[in-house]
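Structure file start15.pdb (PDB, C-alpha atoms and all ligand atoms) follows.
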```
ATOM      1  CA  MET A 480       0.000   0.000   0.000
ATOM      2  CA  ILE A 481       1.313   3.423  -0.879
ATOM      3  CA  ASP A 482       0.225   6.689   0.689
ATOM      4  CA  THR A 483       0.851   9.737  -1.521
ATOM      5  CA  ARG A 484      -0.764  12.245   0.860
ATOM      6  CA  VAL A 485       1.140  15.330   1.986
ATOM      7  CA  LYS A 486       0.306  18.083   4.459
ATOM      8  CA  ILE A 487       1.366  21.717   4.152
ATOM      9  CA  ALA A 488       0.493  24.243   6.855
ATOM     10  CA  GLY A 489      -2.378  22.062   8.064
ATOM     11  CA  VAL A 490      -3.831  21.551   4.575
ATOM     12  CA  GLU A 491      -3.880  17.966   3.326
ATOM     13  CA  PHE A 492      -3.330  17.139  -0.348
ATOM     14  CA  LYS A 493      -4.100  13.717  -1.838
ATOM     15  CA  ASN A 494      -0.798  13.709  -3.697
ATOM     16  CA  PRO A 495       2.211  16.016  -4.088
ATOM     17  CA  VAL A 496       1.313  17.368  -7.541
ATOM     18  CA  THR A 497      -0.162  20.787  -8.297
ATOM     19  CA  THR A 498      -0.031  23.006 -11.366
ATOM     20  CA  ALA A 499       2.418  25.911 -11.578
ATOM     21  CA  SER A 500       0.649  29.257 -11.617
ATOM     22  CA  GLY A 501       0.026  30.686 -15.075
ATOM     23  CA  THR A 502       0.467  27.448 -16.975
ATOM     24  CA  PHE A 503      -2.894  25.765 -16.389
ATOM     25  CA  GLY A 504      -5.309  28.710 -16.394
ATOM     26  CA  SER A 505      -8.042  27.814 -13.963
ATOM     27  CA  GLY A 506      -8.180  24.263 -15.283
ATOM     28  CA  ARG A 507     -10.941  24.691 -17.890
ATOM     29  CA  GLU A 508      -8.434  24.718 -20.740
ATOM     30  CA  TYR A 509      -7.149  21.269 -19.717
ATOM     31  CA  GLY A 510     -10.484  19.574 -19.015
ATOM     32  CA  GLU A 511     -10.225  17.201 -21.975
ATOM     33  CA  PHE A 512      -6.730  16.033 -21.041
ATOM     34  CA  ALA A 513      -6.416  16.204 -17.291
ATOM     35  CA  ASP A 514      -8.839  14.813 -14.715
ATOM     36  CA  ILE A 515      -8.767  17.654 -12.229
ATOM     37  CA  ASN A 516     -10.076  15.267  -9.535
ATOM     38  CA  ARG A 517      -6.719  13.495  -9.617
ATOM     39  CA  LEU A 518      -4.640  16.610  -8.916
ATOM     40  CA  GLY A 519      -3.362  17.311  -5.413
ATOM     41  CA  ALA A 520      -4.233  20.952  -6.096
ATOM     42  CA  VAL A 521      -4.756  23.468  -8.845
ATOM     43  CA  THR A 522      -2.637  26.583  -8.459
ATOM     44  CA  VAL A 523      -4.279  29.251 -10.590
ATOM     45  CA  LYS A 524      -2.826  32.132 -12.592
ATOM     46  CA  GLY A 525      -1.935  35.265 -10.604
ATOM     47  CA  VAL A 526      -4.987  37.216  -9.423
ATOM     48  CA  ALA A 527      -4.879  40.919  -8.532
ATOM     49  CA  ALA A 528      -7.490  43.009  -6.737
ATOM     50  CA  GLU A 529      -8.367  44.708 -10.061
ATOM     51  CA  PRO A 530      -8.013  43.390 -13.683
ATOM     52  CA  TRP A 531      -4.577  43.747 -15.347
ATOM     53  CA  LEU A 532      -3.951  43.882 -19.107
ATOM     54  CA  GLY A 533      -0.476  42.372 -19.144
ATOM     55  CA  ASN A 534       2.352  43.275 -21.527
ATOM     56  CA  ASP A 535       2.400  43.851 -25.299
ATOM     57  CA  SER A 536       2.888  40.947 -27.735
ATOM     58  CA  PRO A 537       4.966  39.061 -28.671
ATOM     59  CA  ARG A 538       5.271  37.794 -25.144
ATOM     60  CA  ILE A 539       6.116  34.128 -25.642
ATOM     61  CA  ALA A 540       9.232  32.682 -27.316
ATOM     62  CA  GLU A 541      10.555  29.150 -27.602
ATOM     63  CA  VAL A 542      14.188  28.582 -26.628
ATOM     64  CA  TYR A 543      16.355  25.475 -26.223
ATOM     65  CA  GLY A 544      15.020  23.449 -23.333
ATOM     66  CA  GLY A 545      12.105  25.709 -22.541
ATOM     67  CA  MET A 546      10.459  29.030 -23.204
ATOM     68  CA  LEU A 547      10.574  32.705 -22.398
ATOM     69  CA  ASN A 548       7.440  34.552 -21.360
ATOM     70  CA  SER A 549       6.680  38.158 -20.583
ATOM     71  CA  VAL A 550       2.916  37.851 -20.114
ATOM     72  CA  GLY A 551       3.054  40.377 -17.268
ATOM     73  CA  LEU A 552       0.364  38.840 -15.038
ATOM     74  CA  GLN A 553      -2.607  39.580 -17.281
ATOM     75  CA  ASN A 554      -5.680  38.657 -15.233
ATOM     76  CA  PRO A 555      -9.365  39.520 -14.991
ATOM     77  CA  GLY A 556      -9.174  40.492 -11.305
ATOM     78  CA  ALA A 557     -10.387  39.033  -8.012
ATOM     79  CA  GLU A 558     -14.104  39.624  -8.566
ATOM     80  CA  TYR A 559     -14.133  37.586 -11.808
ATOM     81  CA  PHE A 560     -11.986  34.866 -10.231
ATOM     82  CA  ILE A 561     -14.368  34.515  -7.288
ATOM     83  CA  LYS A 562     -17.498  34.523  -9.480
ATOM     84  CA  GLU A 563     -16.320  32.314 -12.358
ATOM     85  CA  ASP A 564     -13.267  30.256 -11.471
ATOM     86  CA  ILE A 565     -13.890  29.163  -7.891
ATOM     87  CA  PRO A 566     -17.334  27.621  -8.654
ATOM     88  CA  PHE A 567     -15.760  25.824 -11.638
ATOM     89  CA  LEU A 568     -12.893  24.411  -9.578
ATOM     90  CA  ARG A 569     -15.093  23.483  -6.620
ATOM     91  CA  GLN A 570     -16.852  20.910  -8.815
ATOM     92  CA  PHE A 571     -13.706  18.822  -8.428
ATOM     93  CA  ASP A 572     -12.183  16.998  -5.493
ATOM     94  CA  THR A 573      -8.973  19.031  -5.366
ATOM     95  CA  ARG A 574      -7.427  21.876  -3.406
ATOM     96  CA  ILE A 575      -7.353  25.447  -4.736
ATOM     97  CA  ILE A 576      -4.233  27.576  -4.353
ATOM     98  CA  VAL A 577      -4.674  31.143  -5.551
ATOM     99  CA  ASN A 578      -1.593  32.985  -6.767
ATOM    100  CA  VAL A 579      -1.778  36.638  -5.693
ATOM    101  CA  CYS A 580      -0.121  39.606  -7.401
ATOM    102  CA  GLY A 581       0.183  43.343  -6.852
ATOM    103  CA  HIS A 582       2.262  46.378  -7.927
ATOM    104  CA  THR A 583       2.534  47.838  -4.436
ATOM    105  CA  ILE A 584       2.282  46.577  -0.859
ATOM    106  CA  ASP A 585      -1.200  48.122  -0.635
ATOM    107  CA  GLU A 586      -2.294  46.246  -3.753
ATOM    108  CA  TYR A 587      -0.965  42.926  -2.405
ATOM    109  CA  VAL A 588      -2.720  43.529   0.917
ATOM    110  CA  LYS A 589      -5.994  44.445  -0.802
ATOM    111  CA  ALA A 590      -5.891  41.325  -3.001
ATOM    112  CA  VAL A 591      -5.103  39.134   0.012
ATOM    113  CA  GLU A 592      -7.973  40.676   2.008
ATOM    114  CA  ILE A 593     -10.436  39.935  -0.799
ATOM    115  CA  LEU A 594      -9.120  36.448  -1.578
ATOM    116  CA  SER A 595      -8.923  35.478   2.115
ATOM    117  CA  GLU A 596     -12.723  35.684   2.202
ATOM    118  CA  ALA A 597     -13.030  33.473  -0.875
ATOM    119  CA  ASP A 598     -13.434  29.692  -0.896
ATOM    120  CA  VAL A 599      -9.764  28.836  -1.531
ATOM    121  CA  ASP A 600      -7.425  26.582   0.455
ATOM    122  CA  MET A 601      -4.171  28.533   0.323
ATOM    123  CA  LEU A 602      -2.755  31.831  -0.911
ATOM    124  CA  GLU A 603       0.497  31.958  -2.900
ATOM    125  CA  LEU A 604       2.074  35.404  -2.843
ATOM    126  CA  ASN A 605       3.881  36.068  -6.114
ATOM    127  CA  ILE A 606       6.712  38.418  -5.219
ATOM    128  CA  SER A 607       8.920  37.029  -7.961
ATOM    129  CA  CYS A 608       7.419  37.853 -11.362
ATOM    130  CA  PRO A 609      10.179  39.231 -13.608
ATOM    131  CA  ASN A 610       7.661  40.703 -16.059
ATOM    132  CA  VAL A 611       6.100  43.617 -14.216
ATOM    133  CA  LYS A 612       7.726  47.007 -13.817
ATOM    134  CA  GLU A 613       6.531  47.614 -10.270
ATOM    135  CA  GLY A 614       6.023  44.951  -7.609
ATOM    136  CA  GLY A 615       6.780  41.368  -8.569
ATOM    137  CA  MET A 616      10.469  40.573  -8.632
ATOM    138  CA  ALA A 617      11.417  43.968  -7.189
ATOM    139  CA  PHE A 618       9.919  42.718  -3.912
ATOM    140  CA  GLY A 619      11.208  39.175  -4.061
ATOM    141  CA  THR A 620      14.905  39.872  -4.518
ATOM    142  CA  ASP A 621      15.487  42.127  -1.510
ATOM    143  CA  CYS A 622      15.316  40.683   2.024
ATOM    144  CA  LYS A 623      14.059  43.937   3.590
ATOM    145  CA  MET A 624      11.267  44.236   0.998
ATOM    146  CA  ILE A 625      10.351  40.565   1.443
ATOM    147  CA  GLU A 626      10.009  41.060   5.187
ATOM    148  CA  LYS A 627       7.873  44.144   4.665
ATOM    149  CA  VAL A 628       5.459  42.772   2.068
ATOM    150  CA  VAL A 629       5.126  39.325   3.663
ATOM    151  CA  GLY A 630       4.715  40.882   7.117
ATOM    152  CA  GLU A 631       1.941  43.240   5.955
ATOM    153  CA  VAL A 632       0.144  40.559   3.976
ATOM    154  CA  LYS A 633       0.385  38.056   6.819
ATOM    155  CA  LYS A 634      -1.566  40.412   9.097
ATOM    156  CA  LYS A 635      -4.565  40.166   6.751
ATOM    157  CA  ALA A 636      -4.181  36.619   5.420
ATOM    158  CA  LYS A 637      -6.877  34.351   6.787
ATOM    159  CA  LYS A 638      -5.605  31.368   4.784
ATOM    160  CA  PRO A 639      -2.169  29.702   4.964
ATOM    161  CA  LEU A 640       0.364  31.799   3.073
ATOM    162  CA  ILE A 641       2.862  30.400   0.565
ATOM    163  CA  VAL A 642       5.523  32.858  -0.621
ATOM    164  CA  LYS A 643       6.733  32.316  -4.187
ATOM    165  CA  MET A 644      10.468  32.888  -4.377
ATOM    166  CA  SER A 645      12.580  34.408  -7.121
ATOM    167  CA  PRO A 646      15.621  32.529  -8.446
ATOM    168  CA  ASN A 647      17.115  35.842  -9.584
ATOM    169  CA  VAL A 648      19.096  36.253  -6.367
ATOM    170  CA  THR A 649      22.637  35.576  -5.214
ATOM    171  CA  ASP A 650      21.675  33.506  -2.174
ATOM    172  CA  ILE A 651      18.264  31.806  -2.077
ATOM    173  CA  THR A 652      18.747  30.813   1.565
ATOM    174  CA  GLU A 653      18.829  34.474   2.633
ATOM    175  CA  THR A 654      15.572  35.381   0.860
ATOM    176  CA  SER A 655      13.954  32.125   2.037
ATOM    177  CA  LYS A 656      14.878  32.879   5.645
ATOM    178  CA  ALA A 657      13.515  36.436   5.287
ATOM    179  CA  ALA A 658      10.152  35.105   4.060
ATOM    180  CA  GLU A 659      10.016  32.553   6.879
ATOM    181  CA  ALA A 660      10.880  35.167   9.502
ATOM    182  CA  ALA A 661       8.121  37.461   8.207
ATOM    183  CA  GLY A 662       5.490  34.753   8.658
ATOM    184  CA  ALA A 663       5.347  32.640   5.495
ATOM    185  CA  ASP A 664       3.702  29.276   6.199
ATOM    186  CA  ALA A 665       5.391  27.690   3.171
ATOM    187  CA  LEU A 666       7.639  28.655   0.256
ATOM    188  CA  SER A 667       7.310  27.835  -3.418
ATOM    189  CA  MET A 668      10.227  27.976  -5.831
ATOM    190  CA  ILE A 669      11.335  28.718  -8.420
ATOM    191  CA  ASN A 670       9.655  31.398 -10.474
ATOM    192  CA  THR A 671      11.202  32.041 -13.892
ATOM    193  CA  ILE A 672      14.827  33.086 -14.435
ATOM    194  CA  THR A 673      15.266  36.311 -16.404
ATOM    195  CA  GLY A 674      16.350  35.716 -19.994
ATOM    196  CA  MET A 675      16.440  37.211 -23.469
ATOM    197  CA  LYS A 676      16.307  36.105 -27.115
ATOM    198  CA  ILE A 677      17.349  38.194 -30.130
ATOM    199  CA  ASP A 678      16.030  37.851 -33.690
ATOM    200  CA  ILE A 679      19.276  38.422 -35.574
ATOM    201  CA  TYR A 680      17.514  39.062 -38.918
ATOM    202  CA  ARG A 681      15.238  41.761 -37.520
ATOM    203  CA  ARG A 682      18.009  42.871 -35.151
ATOM    204  CA  LYS A 683      15.478  43.106 -32.364
ATOM    205  CA  PRO A 684      14.613  41.262 -29.169
ATOM    206  CA  VAL A 685      11.969  38.608 -29.850
ATOM    207  CA  LEU A 686       9.821  39.716 -26.916
ATOM    208  CA  ALA A 687       8.153  43.139 -27.030
ATOM    209  CA  ASN A 688       9.222  43.514 -23.394
ATOM    210  CA  LYS A 689      12.828  42.650 -24.481
ATOM    211  CA  ILE A 690      13.393  40.523 -21.360
ATOM    212  CA  GLY A 691      11.257  37.617 -20.160
ATOM    213  CA  GLY A 692      11.248  34.700 -17.752
ATOM    214  CA  LEU A 693      12.866  31.387 -18.669
ATOM    215  CA  SER A 694      11.044  28.200 -17.694
ATOM    216  CA  GLY A 695      11.027  24.540 -18.689
ATOM    217  CA  PRO A 696      13.592  21.703 -18.479
ATOM    218  CA  ALA A 697      16.504  24.142 -18.890
ATOM    219  CA  VAL A 698      15.908  25.608 -15.429
ATOM    220  CA  LYS A 699      15.436  22.326 -13.557
ATOM    221  CA  PRO A 700      18.987  21.878 -12.179
ATOM    222  CA  VAL A 701      18.915  25.451 -10.866
ATOM    223  CA  ALA A 702      15.541  24.820  -9.231
ATOM    224  CA  VAL A 703      16.599  21.523  -7.636
ATOM    225  CA  ARG A 704      19.709  23.189  -6.232
ATOM    226  CA  MET A 705      17.654  26.068  -4.776
ATOM    227  CA  VAL A 706      15.059  23.739  -3.199
ATOM    228  CA  TRP A 707      17.857  21.653  -1.682
ATOM    229  CA  GLN A 708      19.605  24.724  -0.243
ATOM    230  CA  SER A 709      16.405  26.305   1.089
ATOM    231  CA  ALA A 710      15.100  23.069   2.593
ATOM    232  CA  LYS A 711      18.218  23.030   4.757
ATOM    233  CA  ALA A 712      17.851  26.708   5.693
ATOM    234  CA  VAL A 713      14.174  26.938   6.716
ATOM    235  CA  ARG A 714      11.723  24.857   8.736
ATOM    236  CA  ILE A 715       8.603  25.566   6.671
ATOM    237  CA  PRO A 716       7.573  23.254   3.795
ATOM    238  CA  ILE A 717       8.592  23.931   0.199
ATOM    239  CA  ILE A 718       6.641  23.486  -3.026
ATOM    240  CA  GLY A 719       9.266  22.749  -5.677
ATOM    241  CA  MET A 720       8.964  23.585  -9.366
ATOM    242  CA  GLY A 721      11.028  24.483 -12.400
ATOM    243  CA  GLY A 722      11.162  22.232 -15.442
ATOM    244  CA  ILE A 723       9.293  19.256 -13.965
ATOM    245  CA  THR A 724       8.321  17.152 -16.985
ATOM    246  CA  THR A 725       8.322  13.569 -15.693
ATOM    247  CA  ALA A 726       7.653  11.712 -12.433
ATOM    248  CA  GLU A 727      11.414  11.240 -12.040
ATOM    249  CA  ASP A 728      11.836  15.031 -12.115
ATOM    250  CA  ALA A 729       9.201  15.455  -9.393
ATOM    251  CA  ILE A 730      10.869  12.781  -7.240
ATOM    252  CA  GLU A 731      14.204  14.613  -7.571
ATOM    253  CA  PHE A 732      12.568  17.694  -6.052
ATOM    254  CA  ILE A 733      11.093  15.624  -3.207
ATOM    255  CA  MET A 734      14.482  14.050  -2.462
ATOM    256  CA  ALA A 735      15.955  17.581  -2.476
ATOM    257  CA  GLY A 736      13.452  18.488   0.255
ATOM    258  CA  ALA A 737      10.200  19.576  -1.433
ATOM    259  CA  SER A 738       6.914  18.553   0.197
ATOM    260  CA  MET A 739       4.935  19.203  -2.947
ATOM    261  CA  THR A 740       5.775  19.736  -6.625
ATOM    262  CA  ALA A 741       4.245  21.892  -9.364
ATOM    263  CA  VAL A 742       4.118  21.232 -13.098
ATOM    264  CA  GLY A 743       4.366  24.290 -15.355
ATOM    265  CA  THR A 744       5.767  24.573 -18.870
ATOM    266  CA  ALA A 745       5.406  20.801 -19.368
ATOM    267  CA  ASN A 746       1.620  21.340 -19.601
ATOM    268  CA  PHE A 747       2.176  23.236 -22.868
ATOM    269  CA  THR A 748       4.079  20.422 -24.584
ATOM    270  CA  ASN A 749       2.125  17.553 -23.003
ATOM    271  CA  PRO A 750      -1.330  18.458 -21.700
ATOM    272  CA  THR A 751      -1.537  15.146 -19.799
ATOM    273  CA  ALA A 752       1.788  15.818 -18.029
ATOM    274  CA  THR A 753       0.223  16.181 -14.559
ATOM    275  CA  MET A 754      -1.655  12.876 -14.935
ATOM    276  CA  ASP A 755       1.456  11.062 -16.187
ATOM    277  CA  ILE A 756       3.500  12.456 -13.299
ATOM    278  CA  ILE A 757       0.960  11.393 -10.638
ATOM    279  CA  SER A 758       0.816   7.848 -12.107
ATOM    280  CA  GLY A 759       4.600   7.774 -12.387
ATOM    281  CA  ILE A 760       5.108   8.750  -8.740
ATOM    282  CA  GLU A 761       2.700   5.980  -7.677
ATOM    283  CA  LYS A 762       4.570   3.468  -9.860
ATOM    284  CA  PHE A 763       7.955   4.567  -8.489
ATOM    285  CA  MET A 764       6.720   4.224  -4.910
ATOM    286  CA  THR A 765       5.252   0.763  -5.550
ATOM    287  CA  GLU A 766       8.306  -0.541  -7.405
ATOM    288  CA  ASN A 767      10.712   0.781  -4.790
ATOM    289  CA  ASN A 768       8.710  -0.213  -1.706
ATOM    290  CA  ILE A 769       8.161   3.370  -0.599
ATOM    291  CA  GLY A 770       5.087   3.462   1.634
ATOM    292  CA  SER A 771       5.004   7.201   2.237
ATOM    293  CA  LEU A 772       6.778  10.188   0.722
ATOM    294  CA  ASP A 773       8.163  10.963   4.203
ATOM    295  CA  GLU A 774      10.625   8.116   3.530
ATOM    296  CA  ILE A 775      12.310   9.983   0.656
ATOM    297  CA  ARG A 776      11.655  13.655   1.360
ATOM    298  CA  GLY A 777      14.886  15.570   1.855
ATOM    299  CA  ILE A 778      17.047  12.460   1.923
ATOM    300  CA  ILE A 779      19.871  14.208   0.086
ATOM    301  CA  GLU A 780      22.281  15.418   2.734
TER     302      GLU A 780
HETATM  303  C1  LIG B 801       3.279  31.532 -19.369
HETATM  304  C2  LIG B 801       3.652  31.553 -17.916
HETATM  305  C3  LIG B 801       2.895  32.308 -17.015
HETATM  306  C4  LIG B 801       3.232  32.328 -15.661
HETATM  307  N1  LIG B 801       2.470  33.059 -14.790
HETATM  308  C5  LIG B 801       2.769  33.052 -13.459
HETATM  309  C6  LIG B 801       1.939  33.751 -12.519
HETATM  310  O1  LIG B 801       0.901  34.317 -12.858
HETATM  311  N2  LIG B 801       2.320  33.732 -11.218
HETATM  312  C7  LIG B 801       3.443  33.065 -10.782
HETATM  313  O2  LIG B 801       3.758  33.078  -9.595
HETATM  314  N3  LIG B 801       4.228  32.367 -11.649
HETATM  315  C8  LIG B 801       3.906  32.354 -12.968
HETATM  316  N4  LIG B 801       4.693  31.638 -13.839
HETATM  317  C9  LIG B 801       5.842  30.863 -13.320
HETATM  318  C10 LIG B 801       5.492  29.382 -13.113
HETATM  319  O3  LIG B 801       4.434  29.228 -12.175
HETATM  320  C11 LIG B 801       6.725  28.569 -12.627
HETATM  321  O4  LIG B 801       7.173  29.100 -11.405
HETATM  322  C12 LIG B 801       7.877  28.600 -13.620
HETATM  323  O5  LIG B 801       7.402  28.591 -14.946
HETATM  324  C13 LIG B 801       8.846  27.430 -13.422
HETATM  325  O6  LIG B 801       8.207  26.187 -13.610
HETATM  326  P1  LIG B 801       8.213  25.385 -15.026
HETATM  327  O7  LIG B 801       9.616  25.376 -15.523
HETATM  328  O8  LIG B 801       7.661  24.029 -14.709
HETATM  329  O9  LIG B 801       7.290  26.153 -15.953
HETATM  330  C14 LIG B 801       4.356  31.588 -15.205
HETATM  331  C15 LIG B 801       5.112  30.814 -16.119
HETATM  332  C16 LIG B 801       4.767  30.784 -17.445
HETATM  333  C17 LIG B 801       5.578  29.938 -18.382
END
```
Please express the file's structure as structure tokens.
Amino acid sequence: MIDTRVKIAGVEFKNPVTTASGTFGSGREYGEFADINRLGAVTVKGVAAEPWLGNDSPRIAEVYGGMLNSVGLQNPGAEYFIKEDIPFLRQFDTRIIVNVCGHTIDEYVKAVEILSEADVDMLELNISCPNVKEGGMAFGTDCKMIEKVVGEVKKKAKKPLIVKMSPNVTDITETSKAAEAAGADALSMINTITGMKIDIYRRKPVLANKIGGLSGPAVKPVAVRMVWQSAKAVRIPIIGMGGITTAEDAIEFIMAGASMTAVGTANFTNPTATMDIISGIEKFMTENNIGSLDEIRGIIE
């Protein structure tokens, strides 16, 4: 018998697989391919207090081993999310994690106040988006700013708070410790790594925003290293992501110390990726006599 359940900040998930914010919409888009009932959770695209338009196109580019995006947190706002997306997701037996964005501390706090009243299981504070001019990564790369924004948000958060960490830092353990000290109940990592692609024939950057965020298999070793380092530096649980494409990838993150894993860019190349990964984890556990994920979590010294 295998038990794939995991618990994060008092919330139980049936398995350690969620979707990475921004790569699965609110689940509707994947209905034909993925049985949402099988997912440990759905982590939805970033939601702000008010609707955001996002950046100009082109805002997606393929690169070796992954993609660049500069979507810029386009979203229809909290009111739409509460009215349309929550009732859709609540039809399924899964947890809902809402990714929260803002340009300023006040905007983050306002979004968290609104979403705390909504029927969601956890809040994930995105302080690491590289594609917005104000807020986003500017908050997530500076320990003092992390403490301030997480501290303010925590005062109003009525749901467990995950803080989504930026990989665009010199020392992930410092920023992780700052988020923990300010009251984060869990961390998620990594968001995208800043990158750029140039069209040499047009002599222009491919993205209208010039710079975007790199995701996909290319970032996985960086993400595994950061999860491993942070897991040793903090006591709160970590949701690991960055290039997870197969069950073996997800298990690597768990062995590095992650309690849960999220599948992002892989959804774009294989819309059944989450299902394949859940089945693959079960198969790995059965074949290797692993009764519970506690037996392998963080086993890498
Ligand atoms: C198109 C796109 C949109 C994204 N939107 C968000 C977002 O709204 N909020 C957020 O925290 N992360 C966002 N991310 C980052 C992912 O959730 C994830 O952290 C990152 O892509 C690394 O995982 P992956 O390599 O499996 O995609 C986005 C990524 C992509 C590719």
Handout entry: Answer key for the PyMOL selection byres (((not hetatm)) within 6 of (chain B and resi 801)), residues as a ChimeraX atom specification
Key = /A:499-502,524-525,548,552,578,605,669-671,694-695,720-723,742-744
Handout entry: Given the PyMOL selection byres (((chain A and resi 571) around 9) and not hetatm), the residues it picks as a ChimeraX atom specification
Key = /A:514-517,567-570,572-574
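Minimum distance to Thr583 of chain A across A:Ala710, A:Met601, A:Thr673, A:Lys627 (counting all atoms listed in the file) occurs at A:Lys627.
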Fill in the blank from the handout: Correct to one decimal, the distance atom CA of Ile487 of chain A-atom CA of Pro716 of chain A is 6.4 Å
Exercise for the section: For the file shown, report as a ChimeraX atom specification the outcome of the PyMOL selection byres (((chain A and resi 614-625) around 6) and not hetatm) at residue level. Expected result: /A:582-583,606-609,613,626-629,645,648,654,657
Completion exercise
In terms of all atoms listed in the file, the residue from A:Val550, A:Asp598, A:Ile565, A:Val611 at minimal distance from Ser505 of chain A is A:Ile565
Handout entry: From A:Asn610, A:Ser667, A:Ser655, A:Thr725, residue lying nearest Ser709 of chain A [all atoms listed in the file]
Key =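 Closest candidate: A:Ser655.
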Practice task
Could you tell me how far atom CA of Ala737 of chain A lies from atom CA of Gly719 of chain A, in Å and to one decimal?
Solution key: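 Taking atom CA of Ala737 of chain A and atom CA of Gly719 of chain A, their separation equals 5.4 Å.
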Select from segment 533-578 of chain A every residue with an atom at most 12 Å from any atom of segment 638-641 of chain A, then for each give the shortest pair of atoms and their distance in Å to one decimal, using all atoms listed in the file, rows by chain and rising number, as JSON lines.
```
{"residue": "A:Ile575", "atom": "CA", "partner": "A:Lys638", "partner_atom": "CA", "distance": 11.3}
{"residue": "A:Ile576", "atom": "CA", "partner": "A:Ile641", "partner_atom": "CA", "distance": 9.1}
{"residue": "A:Val577", "atom": "CA", "partner": "A:Ile641", "partner_atom": "CA", "distance": 9.7}
{"residue": "A:Asn578", "atom": "CA", "partner": "A:Ile641", "partner_atom": "CA", "distance": 9.0}
```
Practice task
Just the residues within 10 Å of Ile690 of chain A, please, counting all atoms listed in the file, with nothing from its chain fewer than 2 positions along; format it as a VMD selection string.
Solution key: chain A and resid 538 547 to 549 609 to 610 673 to 677 684 to 688 692 to 693
Problem - Interatomic distance (Å, one decimal) between atom CA of Val591 of chain A and atom CA of Lys562 of chain A - result: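 A separation of 16.3 Å between them.
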